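Accompanying notes for the structure given below.
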Amino acid sequence: MIFVVLGTQDKPFERLIRAVDAAVAEGVIQDRVVVQAGKTKYESERLEIREIIPIDEFNQLIRDASVVICHAGYGILSTALEYGKKVICAARLAEYGEHQNNHQCDILDYYEKKGYVIAIRDFSKFNEVYRSLASFTPKKYSVSFEKLQNFLSEWIKEQDKQRK
């Protein structure tokens, strides 16, 4: 089973769900796909889409998933990685109305550079990225959420300084 988590922001994240749906339609993904869509309104006969999933069931879906496909949010990333899951991750971007700013790009860059996730930036290459999971072994995740959040906050501040 593939678990897709789009986040619970008040904005949609259609780029990611469309890429997943297309991969299922093309037969690249052949497993059952469960989606927590949040505010993303999307219909598909191929995906099991739910707006919000209660936390106990959410955690069980992560445990049961062979792959987690998600937005670059601290919560979902730390949870999926603590369970040792292979993760494909995408940043919600302000220019598409998916977030207020592009801070998820920094989070995505950090997790990718550490070898925890496979990043997807160009959704037209989703199938290629998905297929690369077969040879991807994520690095062991051993950072507590609080320590990681503090580290990333400092790292993002430093990145902001360098951009100015």
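By order in the structure tokens, chains are A, B, ...; within a chain, residues start at 1; ligands start at 1, following the order shown.
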
Practice problem: Please identify all polymer residues within 8 Å of Ser66 of chain A, counting only C-alpha atoms, omitting same-chain residues fewer than 4 positions from it, and present them as a count of residues only. | Solution: 4

Self-check item: Neighbour list for Asn59 of chain A as a list in words, cut-off 12 Å, only C-alpha atoms, skip fewer than 2 positions in-chain
Solution: Phe3, Val5, Gln36, Ile53, Pro54, Ile55, Asp56, Glu57, Leu61, Ile62, Arg63, Asp64, Ala65, Val68, Gly75, Ile76, Ser78, Thr79, Ala80, Glu82 and Tyr83 of chain A

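When only C-alpha atoms are used to measure the gap to Val129 of chain A, the shortest distance among A:Asp109, A:Gly38, A:Ile88, A:Val117 belongs to A:Ile88.
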
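When DSSP is run on the backbone, the residues of chain A that fall into strand (DSSP E or B) are Ile2, Phe3, Val4, Val5, Val33, Val34, Val35, Gln36, Glu48, Ile49, Arg50, Val67, Val68, Ile69, Cys70, His71, Lys86, Val87, Ile88, Cys89, Ala90, Ile118 and Ala119 of chain A.
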
Write a file of the just-selected residues containing C-alpha atoms, as a tab-separated table (two decimals), in the first residue's frame.
chain	number	residue	atom	x	y	z
A	2	ILE	CA	1.15	3.51	-0.82
A	3	PHE	CA	0.19	6.29	1.60
A	4	VAL	CA	0.03	9.81	0.16
A	5	VAL	CA	-0.08	12.75	2.57
A	33	VAL	CA	-3.11	4.08	-2.83
A	34	VAL	CA	-4.62	5.82	0.19
A	35	VAL	CA	-4.54	9.63	0.25
A	36	GLN	CA	-5.01	12.07	3.10
A	48	GLU	CA	-8.81	6.13	-1.96
A	49	ILE	CA	-9.07	9.81	-1.06
A	50	ARG	CA	-10.01	11.06	2.40
A	67	VAL	CA	6.07	3.85	0.48
A	68	VAL	CA	5.01	7.27	1.78
A	69	ILE	CA	4.59	10.07	-0.76
A	70	CYS	CA	4.22	13.43	0.95
A	71	HIS	CA	4.69	17.17	1.18
A	86	LYS	CA	10.90	4.91	1.81
A	87	VAL	CA	9.69	8.44	1.14
A	88	ILE	CA	9.13	10.49	-1.99
A	89	CYS	CA	8.78	14.10	-0.93
A	90	ALA	CA	7.69	17.32	-2.65
A	118	ILE	CA	13.91	11.04	-2.67
A	119	ALA	CA	12.87	14.52	-3.74

Quiz prompt | Using only C-alpha atoms: which of A:Leu133, A:Ala22, A:Glu128, A:Ser142 has the shortest distance to Lys114 of chain A | solution = A:Ser142

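Comparing A:Arg46, A:Lys125, A:Lys11, A:His103 by their smallest distance to Ile29 of chain A, the closest is A:Arg46 (using only C-alpha atoms).
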
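For the pair atom CA of Glu43 of chain A and atom CA of Ala134 of chain A, the interatomic distance is 28.4 Å.
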
Quiz item: Leaving out Gly97 of chain A and any residue of its chain fewer than 4 positions from it, which residues lie within 9 Å of it when counting only C-alpha atoms, given as a ChimeraX atom specification?
Solution: /A:11-13,92-93

Quick one: write out the picked residues with all heavy atoms as a PDB file, in the first residue's frame?
ATOM      1  N   LYS A  11      -4.657  25.212   1.855  1.00  0.00           N
ATOM      2  CA  LYS A  11      -4.458  25.354   0.411  1.00  0.00           C
ATOM      3  C   LYS A  11      -4.284  23.972  -0.220  1.00  0.00           C
ATOM      4  O   LYS A  11      -3.779  23.062   0.409  1.00  0.00           O
ATOM      5  CB  LYS A  11      -3.221  26.213   0.151  1.00  0.00           C
ATOM      6  CG  LYS A  11      -3.366  27.641   0.656  1.00  0.00           C
ATOM      7  CD  LYS A  11      -2.043  28.345   0.668  1.00  0.00           C
ATOM      8  CE  LYS A  11      -2.134  29.783   1.115  1.00  0.00           C
ATOM      9  NZ  LYS A  11      -3.012  30.053   2.226  1.00  0.00           N
ATOM     10  N   PRO A  12      -4.683  23.826  -1.475  1.00  0.00           N
ATOM     11  CA  PRO A  12      -4.564  22.511  -2.138  1.00  0.00           C
ATOM     12  C   PRO A  12      -3.145  22.201  -2.595  1.00  0.00           C
ATOM     13  O   PRO A  12      -2.301  23.088  -2.695  1.00  0.00           O
ATOM     14  CB  PRO A  12      -5.497  22.663  -3.347  1.00  0.00           C
ATOM     15  CG  PRO A  12      -5.476  24.121  -3.655  1.00  0.00           C
ATOM     16  CD  PRO A  12      -5.326  24.825  -2.319  1.00  0.00           C
ATOM     17  N   PHE A  13      -2.916  20.921  -2.866  1.00  0.00           N
ATOM     18  CA  PHE A  13      -1.634  20.463  -3.414  1.00  0.00           C
ATOM     19  C   PHE A  13      -1.930  19.489  -4.550  1.00  0.00           C
ATOM     20  O   PHE A  13      -1.599  18.314  -4.500  1.00  0.00           O
ATOM     21  CB  PHE A  13      -0.793  19.825  -2.315  1.00  0.00           C
ATOM     22  CG  PHE A  13       0.671  19.629  -2.675  1.00  0.00           C
ATOM     23  CD1 PHE A  13       1.267  20.280  -3.737  1.00  0.00           C
ATOM     24  CD2 PHE A  13       1.450  18.787  -1.917  1.00  0.00           C
ATOM     25  CE1 PHE A  13       2.597  20.099  -4.051  1.00  0.00           C
ATOM     26  CE2 PHE A  13       2.792  18.586  -2.216  1.00  0.00           C
ATOM     27  CZ  PHE A  13       3.365  19.246  -3.278  1.00  0.00           C
ATOM     28  N   ARG A  92       5.558  22.073  -1.155  1.00  0.00           N
ATOM     29  CA  ARG A  92       4.444  22.939  -1.548  1.00  0.00           C
ATOM     30  C   ARG A  92       5.046  24.304  -1.872  1.00  0.00           C
ATOM     31  O   ARG A  92       5.887  24.796  -1.114  1.00  0.00           O
ATOM     32  CB  ARG A  92       3.463  23.104  -0.380  1.00  0.00           C
ATOM     33  CG  ARG A  92       2.650  21.891  -0.062  1.00  0.00           C
ATOM     34  CD  ARG A  92       1.908  22.131   1.263  1.00  0.00           C
ATOM     35  NE  ARG A  92       0.742  21.294   1.394  1.00  0.00           N
ATOM     36  CZ  ARG A  92      -0.492  21.646   1.036  1.00  0.00           C
ATOM     37  NH1 ARG A  92      -0.734  22.843   0.558  1.00  0.00           N
ATOM     38  NH2 ARG A  92      -1.486  20.805   1.167  1.00  0.00           N
ATOM     39  N   LEU A  93       4.629  24.904  -2.970  1.00  0.00           N
ATOM     40  CA  LEU A  93       5.229  26.167  -3.403  1.00  0.00           C
ATOM     41  C   LEU A  93       4.219  27.306  -3.412  1.00  0.00           C
ATOM     42  O   LEU A  93       3.067  27.139  -3.815  1.00  0.00           O
ATOM     43  CB  LEU A  93       5.835  26.007  -4.796  1.00  0.00           C
ATOM     44  CG  LEU A  93       6.927  24.940  -4.933  1.00  0.00           C
ATOM     45  CD1 LEU A  93       7.386  24.832  -6.383  1.00  0.00           C
ATOM     46  CD2 LEU A  93       8.092  25.241  -4.006  1.00  0.00           C
TER      47      LEU A  93
END
